[in-house]
Amino acid sequence: MGRYGKRADLIVHEDEPFNAETPLAALDEGPLTTTDAFYVRGHGVVPEVDPAAWRLRVHGLVERELDLSLTTLREAFRERTETVTLQCAGNRRAGLIAVREIPGEAPWGPGATGTATWSGVALADVLALAGPLREAAHVGFDGADLATEVVPAERFGGSIPLDKACRPEVLLAWAMNGTPLPAVHGAPLRVVVPGYIGARSVKWLERIEVRATPWEGYFQHVAYRLLPEDGTPGPGAGIPLGLVALNADLLSPVDGETVPAGPVEVRGYAFAGGERHVARVDVSLDGGASWSQAELLDDRGRWAWRHWRVTVELAPGDYEILVRAWDSSAATQPEDEAALWNPKGYVNNARPRARIRARP
């Protein structure tokens, strides 16, 4: 067992702050990602928070400010559970680094994603008690973790539009996969924002601010933004990242694998993000010249990925497997990674490829 109760096979990108991704084999184990295999993305040391002394402050453009203990949250609001896929904006960055170097950014592979059940209370219920004022348009979150990569150091934070915050699926969560939220995943309380990049699901939550404008901290105003190819990071530069882009990946067989000729099951996941859902997944064995439709497996709800599978017959030889997902807006994935390169390595949702060999 590794740090923070994580499996030893996680791919660690950084020891402090702890950053580790899930291996493909673990993502392939089922529609829910076990807590010990779930990826970790942090910007500061995991803070030590005393749940008994912890308070959640709700303030800003509200009729009444709130100061809530964990006990009050549990007793005053109805508990809700949602199955939600979280995905880091830097998921599959390594594919973009292979196109061109991206200095200063960790080479995240395809394992900065996972799906879990999250339990807590609806953010909407807490906001309803506070009473947002007419000019309110955004809801900001402030965590207890201090990011020293920023000068001067600042707490990690971000915001989402008030319209999204008032939807019942956005949770203030204290449990993950049916057990208390681990410290490394934001205990005692974190935000879970379905359909949005993982950076909006702020961990170690201590403060909610109802605002007229989006969050102005570094991690929303500078860092998590999509820049043009020749862009330079800076305040307000580029496009702020919010909704997750349609993405899919191939979980088995993996690139470079040799398999016995004959029937081979090809498996993976697809995730639409935003308000969309996965409508179809196609698999090609010849680099995209022809396609077969895969079977979509367990439907865990509108905020979770869909695992998929298709059985193909392989004669001895070499193959290039290519995958494309389609969502409910009839959008599909870009064909290649070269056209997606950007200076921060975000939003790599190109069609995944794997070259395999079938042996007699």
# chains A, B, ... in the order shown; residues from 1 in each chain; ligands from 1
$ residues_around --residues "Ala124 (chain A)" --least-positions-apart "2" --cutoff "8 Å" --atoms "only C-alpha atoms" --output "ChimeraX atom specification"
/A:122,126-128,165-168,170
$ write_last_selection --atoms "C-alpha atoms" --output "short mmCIF file (atom, residue, chain, number, x, y, z; two decimals), in the first residue's frame"
data_model
loop_
_atom_site.label_atom_id
_atom_site.label_comp_id
_atom_site.auth_asym_id
_atom_site.auth_seq_id
_atom_site.Cartn_x
_atom_site.Cartn_y
_atom_site.Cartn_z
CA ALA A 122 -26.87 19.56 -2.25
CA VAL A 126 -27.34 25.43 1.48
CA LEU A 127 -27.60 28.34 -0.97
CA ALA A 128 -31.38 28.41 -0.58
CA ALA A 165 -24.63 25.74 -8.31
CA CYS A 166 -28.40 25.66 -7.83
CA ARG A 167 -28.75 22.34 -9.64
CA PRO A 168 -29.41 19.35 -7.33
CA VAL A 170 -23.76 19.66 -7.21
#
$ residues_around --residues "region 188-204 of chain A" --least-positions-apart "6" --cutoff "9 Å" --atoms "only C-alpha atoms" --output "PyMOL selection string"
chain A and resi 41+46-47+49-51+54+56+70+82-89+113+118+120+123+141-145+156-160+164-165+169-175+180-182+219-220+224+241-245+272-276+303-304
$ residues_around --residues "Leu297 (chain A)" --least-positions-apart "3" --cutoff "8 Å" --atoms "only C-alpha atoms" --output "VMD selection string"
chain A and resid 306 to 309
$ write_last_selection --atoms "all heavy atoms" --output "JSON list (two decimals), in the first residue's frame"
[["chain", "number", "residue", "atom", "x", "y", "z"],
["A", 306, "ARG", "N", -19.52, 5.99, -19.42],
["A", 306, "ARG", "CA", -20.04, 4.69, -19.84],
["A", 306, "ARG", "C", -18.86, 3.82, -20.25],
["A", 306, "ARG", "O", -18.07, 4.18, -21.12],
["A", 306, "ARG", "CB", -20.99, 4.83, -21.04],
["A", 306, "ARG", "CG", -22.27, 5.57, -20.77],
["A", 306, "ARG", "CD", -23.21, 4.83, -19.85],
["A", 306, "ARG", "NE", -23.71, 3.59, -20.40],
["A", 306, "ARG", "CZ", -24.82, 3.49, -21.17],
["A", 306, "ARG", "NH1", -25.49, 4.59, -21.50],
["A", 306, "ARG", "NH2", -25.24, 2.33, -21.61],
["A", 307, "HIS", "N", -18.71, 2.67, -19.60],
["A", 307, "HIS", "CA", -17.79, 1.68, -20.11],
["A", 307, "HIS", "C", -18.40, 1.03, -21.34],
["A", 307, "HIS", "O", -19.63, 0.97, -21.49],
["A", 307, "HIS", "CB", -17.48, 0.63, -19.03],
["A", 307, "HIS", "CG", -16.38, 1.04, -18.11],
["A", 307, "HIS", "ND1", -15.54, 0.13, -17.51],
["A", 307, "HIS", "CD2", -15.96, 2.25, -17.69],
["A", 307, "HIS", "CE1", -14.65, 0.76, -16.77],
["A", 307, "HIS", "NE2", -14.88, 2.05, -16.85],
["A", 308, "TRP", "N", -17.56, 0.56, -22.24],
["A", 308, "TRP", "CA", -18.04, -0.06, -23.47],
["A", 308, "TRP", "C", -17.14, -1.25, -23.84],
["A", 308, "TRP", "O", -16.04, -1.40, -23.31],
["A", 308, "TRP", "CB", -18.07, 0.95, -24.62],
["A", 308, "TRP", "CG", -16.77, 1.69, -24.84],
["A", 308, "TRP", "CD1", -16.43, 2.92, -24.38],
["A", 308, "TRP", "CD2", -15.61, 1.21, -25.56],
["A", 308, "TRP", "NE1", -15.14, 3.25, -24.75],
["A", 308, "TRP", "CE2", -14.62, 2.23, -25.48],
["A", 308, "TRP", "CE3", -15.33, 0.05, -26.26],
["A", 308, "TRP", "CZ2", -13.37, 2.09, -26.09],
["A", 308, "TRP", "CZ3", -14.08, -0.10, -26.86],
["A", 308, "TRP", "CH2", -13.12, 0.92, -26.77],
["A", 309, "ARG", "N", -17.65, -2.09, -24.73],
["A", 309, "ARG", "CA", -16.86, -3.24, -25.18],
["A", 309, "ARG", "C", -17.34, -3.67, -26.55],
["A", 309, "ARG", "O", -18.49, -3.42, -26.95],
["A", 309, "ARG", "CB", -16.98, -4.40, -24.20],
["A", 309, "ARG", "CG", -18.37, -5.04, -24.19],
["A", 309, "ARG", "CD", -18.47, -6.13, -23.14],
["A", 309, "ARG", "NE", -19.84, -6.66, -23.08],
["A", 309, "ARG", "CZ", -20.31, -7.41, -22.09],
["A", 309, "ARG", "NH1", -19.53, -7.71, -21.07],
["A", 309, "ARG", "NH2", -21.56, -7.84, -22.12]]
$ select_by_dssp --residues "region 155-290 of chain A" --states "helix (DSSP H, G or I)" --output "list in words"
Leu162, Asp163, Lys164, Ala165, Ala183, Val184, His185, Gly198, Ala199, Arg200, Tyr218, Phe219, Gln220, His221, Val222 and Ala223 of chain A
$ write_last_selection --atoms "N, CA and C atoms" --output "compact mmCIF listing (two decimals), in the first residue's frame"
# COMPACT_ATOMS: atom_id res chain seq x y z
N LEU A 162 -23.88 30.51 -10.89
CA LEU A 162 -24.95 30.28 -9.91
C LEU A 162 -25.99 29.30 -10.45
N ASP A 163 -26.28 29.39 -11.74
CA ASP A 163 -27.27 28.47 -12.33
C ASP A 163 -26.88 27.02 -12.10
N LYS A 164 -25.60 26.70 -12.30
CA LYS A 164 -25.12 25.33 -12.07
C LYS A 164 -25.13 25.01 -10.58
N ALA A 165 -24.70 25.97 -9.75
CA ALA A 165 -24.63 25.74 -8.31
C ALA A 165 -25.99 25.41 -7.72
N ALA A 183 -8.70 11.97 3.71
CA ALA A 183 -8.05 13.27 3.80
C ALA A 183 -7.50 13.72 2.46
N VAL A 184 -6.90 12.80 1.70
CA VAL A 184 -6.27 13.18 0.45
C VAL A 184 -7.29 13.60 -0.61
N HIS A 185 -8.55 13.25 -0.39
CA HIS A 185 -9.61 13.63 -1.33
C HIS A 185 -10.49 14.76 -0.79
N GLY A 198 -12.11 18.75 -12.97
CA GLY A 198 -11.91 18.44 -11.55
C GLY A 198 -11.52 19.64 -10.71
N ALA A 199 -10.88 20.64 -11.32
CA ALA A 199 -10.43 21.81 -10.56
C ALA A 199 -11.58 22.59 -9.92
N ARG A 200 -12.79 22.44 -10.42
CA ARG A 200 -13.93 23.15 -9.83
C ARG A 200 -14.49 22.40 -8.62
N TYR A 218 -5.78 32.71 -8.77
CA TYR A 218 -4.84 32.23 -9.79
C TYR A 218 -5.37 31.02 -10.56
N PHE A 219 -5.99 30.09 -9.85
CA PHE A 219 -6.34 28.82 -10.49
C PHE A 219 -7.57 28.90 -11.40
N GLN A 220 -8.24 30.01 -11.40
CA GLN A 220 -9.31 30.20 -12.37
C GLN A 220 -8.97 31.34 -13.34
N HIS A 221 -8.29 32.35 -12.84
CA HIS A 221 -8.05 33.54 -13.66
C HIS A 221 -6.78 33.42 -14.51
N VAL A 222 -5.88 32.48 -14.11
CA VAL A 222 -4.62 32.33 -14.84
C VAL A 222 -4.38 30.89 -15.29
N ALA A 223 -4.45 29.93 -14.35
CA ALA A 223 -3.94 28.58 -14.62
C ALA A 223 -4.84 27.73 -15.51
$ closest_residue --among "A:Ile239, A:Ala153, A:Leu314, A:Val283" --to "Tyr269 (chain A)" --atoms "only C-alpha atoms"
A:Val283
$ atom_distance --atom1 "CA of Asp15 (chain A)" --atom2 "CA of Ala94 (chain A)"
18.7 Å
$ closest_residue --among "A:Arg300, A:Arg324, A:His43, A:Arg207" --to "Pro31 (chain A)" --atoms "only C-alpha atoms"
A:Arg300
$ select_by_dssp --residues "region 120-358 of chain A" --states "strand (DSSP E or B)" --output "VMD selection string"
chain A and resid 120 to 122 132 138 to 147 154 to 161 171 to 176 179 to 180 190 to 192 196 205 to 211 225 to 226 239 to 240 243 247 to 252 258 to 260 262 to 271 278 to 284 286 292 to 293 295 to 296 306 to 314 317 to 327 332 353 to 358
$ residues_around --residues "Lys344 (chain A)" --least-positions-apart "5" --cutoff "10 Å" --atoms "only C-alpha atoms" --output "VMD selection string"
chain A and resid 89 to 90 93 96 to 97 102 to 106 223 to 229 231 to 233
$ residues_around --residues "region 134-136 of chain A" --least-positions-apart "5" --cutoff "6 Å" --atoms "only C-alpha atoms" --output "number ranges by chain"
A: 61, 211-212
$ residues_around --residues "Ala8 (chain A)" --least-positions-apart "4" --cutoff "10 Å" --atoms "only C-alpha atoms" --output "mmCIF file with C-alpha atoms, in the first residue's frame"
data_model
loop_
_atom_site.group_PDB
_atom_site.id
_atom_site.type_symbol
_atom_site.label_atom_id
_atom_site.label_comp_id
_atom_site.auth_asym_id
_atom_site.auth_seq_id
_atom_site.Cartn_x
_atom_site.Cartn_y
_atom_site.Cartn_z
ATOM 1 C CA MET A 1 0.000 0.000 0.000
ATOM 2 C CA GLY A 2 1.297 3.457 -0.921
ATOM 3 C CA ARG A 3 0.843 6.910 0.610
ATOM 4 C CA VAL A 12 3.152 9.094 -8.996
ATOM 5 C CA ASP A 36 -7.527 3.335 -3.219
ATOM 6 C CA ALA A 37 -7.022 3.621 -6.996
#
$ closest_residue --among "A:Asp249, A:Asp336, A:Asp286, A:Glu101" --to "Trp305 (chain A)" --atoms "only C-alpha atoms"
A:Asp249
$ closest_residue --among "A:Trp326, A:Tyr319, A:Trp291, A:Trp341" --to "Ala279 (chain A)" --atoms "only C-alpha atoms"
A:Trp326
